[in-house]
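Trainee: Right, I'll just put the structure down here and ask away after.
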Amino acid sequence: MKAKAEPAFRFYSLHDKMWRDDVLAHAFALAKANGGAPGVDGESFADIEARGLETWLAGLAQELKEGTYRPQPVRRVMIPKPDGGERPLGIPTIRDRVAQTAAKLVLEPIFEADFEPNAYGYRPGRSATGAVREVHQLLLAGHTDVVDADLASYFDEIPHRDLLRSVAQRVADRHVLRLIKLWLKAPVAEQDERGRRIMTGGRKRTKGTPQGGVLSPVLANIYMNRFLKYWRRNGHRDQLQAHIIAYADDLVILTRGHAAEAMARLQAAMPRLGLKVNEAKTAVVDARTQRFDFLGYSFGAHYRRWNGWWYLGASPSKKSVQRLKANISALLVPANSGNWPRTRDRMNRMLRGWAGYFCYGSRGVAYRAIDAHVAQRTRHFLRRRHKVASRATRQFSDQRLYGELGVLQLQGSPGGARPKALT
């Protein structure tokens, strides 16, 4: 309430809120609910609770209060990306996750008051689905000249000095600023090609906030907010009728006939923030005749087969469909020796989670493709298990798959929005 009422106010007494008993206990509960692997110390939530949670929290509170707290190295692992590459993920220790969660509980409401309304990523009450809806509504309103933008390694490129200045515009508590700086400069532990542990980063590190850190999404939003405010305050939105929709480091700019100029201004602005536009993956798209992907959805020209109309639609992207198919195939392999109810339940959770996100726009084609793939892979899985010589279409008919055997069928799921025809 204070942050909303006084946009220029700097908060000077926050550190003592972080090590309050109730804040740390809640932070531990949130960290535990999120799960995750142990950090470099190998300590799990079960280990902490077995030794005594109250004593553990009291020790962390004492360190934060006295200023002796120091973050441990972040364990880095590489996770596969949809395009075939790898993305580094930092895993802090549970102790550091709890401390960062306490900081987030205190800091997030302050900066929420300042964030631009067109930023959707990692914010309470906002979601990727909300960003998808907004993009589609802007297309339907005529903003069909689009900059499909990509920032190169955004989380790794955020300059510490400028980020801390952005935080300091609202936070005057030097103890909190010191903690954020410690987390930004925490060394990273990883393995070399021979499996030996090596340490990188540390005090000499001048940029980047590790993906996987609890506070990293808030810090990334704080820094991206500088660009979003610049875009609005300098009149780019109104001059070019150019609306930015951002989800963390993913963003698109939707304009009425000014996409080339919007891209030029984006390319000029990002280097001033110490960031880079990925030229190879950034393009101008005419959504009336082309498509672009954003947050797993494909936007733009869609064709309605039954009447021959073209319309501006939003549908699950081909990559999103292929990724789900690959996950289903990876589950229904010969090496899977689990019983059918357990295997079916795992598959249904995948399908239900996917459909829960991809519930907007034109879904029929994607749902039919996934249902066909699930039916084909399930029949093959059960035919092999029961040693059926034929293709098993009679033994495992659609009626039996979706009835007695309990496979979830996506086609016919409710929800979504009716597309608008092109004129």
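Following the order of the structure tokens, chains are lettered A, B, ..., residues in each are numbered from 1, and ligands are numbered from 1.
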Just list as a list in words whatever in stretch 180-238 of chain A DSSP marks as strand (DSSP E).
Mentor: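 Taking stretch 180-238 of chain A and keeping strand (DSSP E) only, one gets Val188, Ala189, Glu190, Gln191, Arg197, Ile198, Met199 and Thr200 of chain A.
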Trainee: Please build the interface table for stretch 252-302 of chain A against stretch 125-132 of chain A with a cut-off of 8 Å, listing for each qualifying residue the nearest atom pair and the distance in Å to one decimal; count only C-alpha atoms, order rows by chain and increasing number, and write it as a tab-separated table.
Mentor:
```
residue	atom	partner	partner_atom	distance
A:Phe294	CA	A:Val132	CA	7.7
A:Leu295	CA	A:Ala128	CA	6.9
A:Tyr297	CA	A:Val132	CA	7.5
```
Trainee: Next, write the just-selected residues to a file, as a PDB file, in the first residue's frame, keeping C-alpha atoms as the atom set.
Mentor:
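Output contents, as saved in again.pdb:
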```
ATOM      1  CA  PHE A 294       5.163 -17.082 -28.290  1.00  0.00           C
ATOM      2  CA  LEU A 295       4.941 -18.965 -24.990  1.00  0.00           C
ATOM      3  CA  TYR A 297       1.390 -20.889 -28.864  1.00  0.00           C
TER       4      TYR A 297
END
```
Trainee: Looking at A:Gly361, A:Glu157, A:Ala369, A:Asn278, which one is nearest to A:Gln322, with distances taken over only C-alpha atoms?
Mentor: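 Ranking A:Gly361, A:Glu157, A:Ala369, A:Asn278 by distance to A:Gln322, first place goes to A:Ala369.
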Trainee: Which residue gives the smallest distance to A:Glu116 among A:His243, A:Arg288, A:Arg349, A:Gln409, with only C-alpha atoms counted?
Mentor: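 Comparing A:His243, A:Arg288, A:Arg349, A:Gln409 against A:Glu116, the winner is A:His243.
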Trainee: Write out as a PyMOL selection string each polymer residue whose atoms come within 12 Å of A:Phe292, counting only C-alpha atoms; drop sequence neighbours fewer than 2 positions from it.
Mentor: chain A and resi 135-136+139+144-149+251-254+281-290+294-302+312-319
Trainee: Keeping C-alpha atoms, export the residues of the selection given above as a PDB file, in the first residue's frame.
Mentor:
```pdb
ATOM      1  CA  VAL A 135      -1.402 -11.036 -27.691  1.00  0.00           C
ATOM      2  CA  HIS A 136      -4.403 -12.591 -29.419  1.00  0.00           C
ATOM      3  CA  LEU A 139      -4.018  -9.126 -33.149  1.00  0.00           C
ATOM      4  CA  THR A 144      -0.854  -7.453 -36.978  1.00  0.00           C
ATOM      5  CA  ASP A 145       2.652  -6.168 -37.825  1.00  0.00           C
ATOM      6  CA  VAL A 146       4.741  -7.959 -35.244  1.00  0.00           C
ATOM      7  CA  VAL A 147       8.308  -8.008 -33.973  1.00  0.00           C
ATOM      8  CA  ASP A 148       9.002 -11.550 -32.820  1.00  0.00           C
ATOM      9  CA  ALA A 149      11.923 -10.684 -30.519  1.00  0.00           C
ATOM     10  CA  LEU A 251       8.646 -10.556 -25.635  1.00  0.00           C
ATOM     11  CA  VAL A 252       6.752  -9.575 -28.761  1.00  0.00           C
ATOM     12  CA  ILE A 253       5.901  -6.115 -30.089  1.00  0.00           C
ATOM     13  CA  LEU A 254       2.564  -5.793 -31.880  1.00  0.00           C
ATOM     14  CA  LYS A 281      15.984 -15.246 -33.916  1.00  0.00           C
ATOM     15  CA  THR A 282      14.371 -11.793 -34.129  1.00  0.00           C
ATOM     16  CA  ALA A 283      12.127 -11.122 -37.115  1.00  0.00           C
ATOM     17  CA  VAL A 284       9.306  -8.957 -38.440  1.00  0.00           C
ATOM     18  CA  VAL A 285       6.112 -10.917 -39.134  1.00  0.00           C
ATOM     19  CA  ASP A 286       2.876  -9.982 -40.913  1.00  0.00           C
ATOM     20  CA  ALA A 287       0.408 -11.998 -38.847  1.00  0.00           C
ATOM     21  CA  ARG A 288      -2.260 -11.715 -41.563  1.00  0.00           C
ATOM     22  CA  THR A 289      -0.245 -14.083 -43.768  1.00  0.00           C
ATOM     23  CA  GLN A 290       2.377 -15.600 -41.429  1.00  0.00           C
ATOM     24  CA  PHE A 294       5.163 -17.082 -28.290  1.00  0.00           C
ATOM     25  CA  LEU A 295       4.941 -18.965 -24.990  1.00  0.00           C
ATOM     26  CA  GLY A 296       4.212 -22.260 -26.710  1.00  0.00           C
ATOM     27  CA  TYR A 297       1.390 -20.889 -28.864  1.00  0.00           C
ATOM     28  CA  SER A 298       1.367 -20.170 -32.585  1.00  0.00           C
ATOM     29  CA  PHE A 299      -0.315 -16.876 -33.558  1.00  0.00           C
ATOM     30  CA  GLY A 300      -1.388 -15.499 -36.904  1.00  0.00           C
ATOM     31  CA  ALA A 301      -3.025 -16.781 -40.054  1.00  0.00           C
ATOM     32  CA  HIS A 302      -5.086 -19.934 -39.464  1.00  0.00           C
ATOM     33  CA  LEU A 312      -6.380 -14.620 -36.901  1.00  0.00           C
ATOM     34  CA  GLY A 313      -5.968 -17.468 -34.482  1.00  0.00           C
ATOM     35  CA  ALA A 314      -3.970 -18.771 -31.554  1.00  0.00           C
ATOM     36  CA  SER A 315      -3.216 -22.476 -31.295  1.00  0.00           C
ATOM     37  CA  PRO A 316      -0.656 -24.808 -29.676  1.00  0.00           C
ATOM     38  CA  SER A 317       2.579 -24.535 -31.659  1.00  0.00           C
ATOM     39  CA  LYS A 318       3.974 -27.474 -33.604  1.00  0.00           C
ATOM     40  CA  LYS A 319       6.950 -27.602 -31.223  1.00  0.00           C
TER      41      LYS A 319
END
```
Trainee: Can you list, as a ChimeraX atom specification, all residues belonging to stretch 224-332 of chain A that DSSP tags as alpha helix (DSSP H)?
Mentor: /A:224-233,236-240,259-269,318-331
Trainee: Rank A:Lys81, A:Arg352, A:Arg20, A:His26 by their smallest atom-to-atom distance to A:Ala61, using only C-alpha atoms, and report the top residue only.
Mentor: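 Of A:Lys81, A:Arg352, A:Arg20, A:His26, the one nearest A:Ala61 is A:Arg20, counting only C-alpha atoms.
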Trainee: Measuring between only C-alpha atoms, which one of A:Trp19, A:Ala220, A:Gly274, A:Ile198 shows the shortest distance to A:Gly59?
Mentor: A:Trp19
Trainee: Between A:Pro217, A:Asn327, A:His386, A:Ala335, single out the one closest to A:Val374, counting only C-alpha atoms.
Mentor: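 Closest residue, counting only C-alpha atoms: A:Asn327.
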Trainee: Within 12 Å of A:Asp238, counting only C-alpha atoms, which residues show up once you throw out same-chain ones fewer than 3 positions away? Write them as a list in words, please.
Mentor: Trp231, Arg232, Arg233, Asn234, Gly235, Gln241, Ala242, His243, Ile244, Leu254, Thr255, Arg256, His258 and Ala262 of chain A
Trainee: Do a neighbour search on A:Ala375 at 12 Å with only C-alpha atoms, toss out local chain neighbours closer than 6 positions, and write the hits as a PyMOL selection string.
Mentor: chain A and resi 325+328-329+332+344+347+368-369+381-383+391-393+396-402+405-410
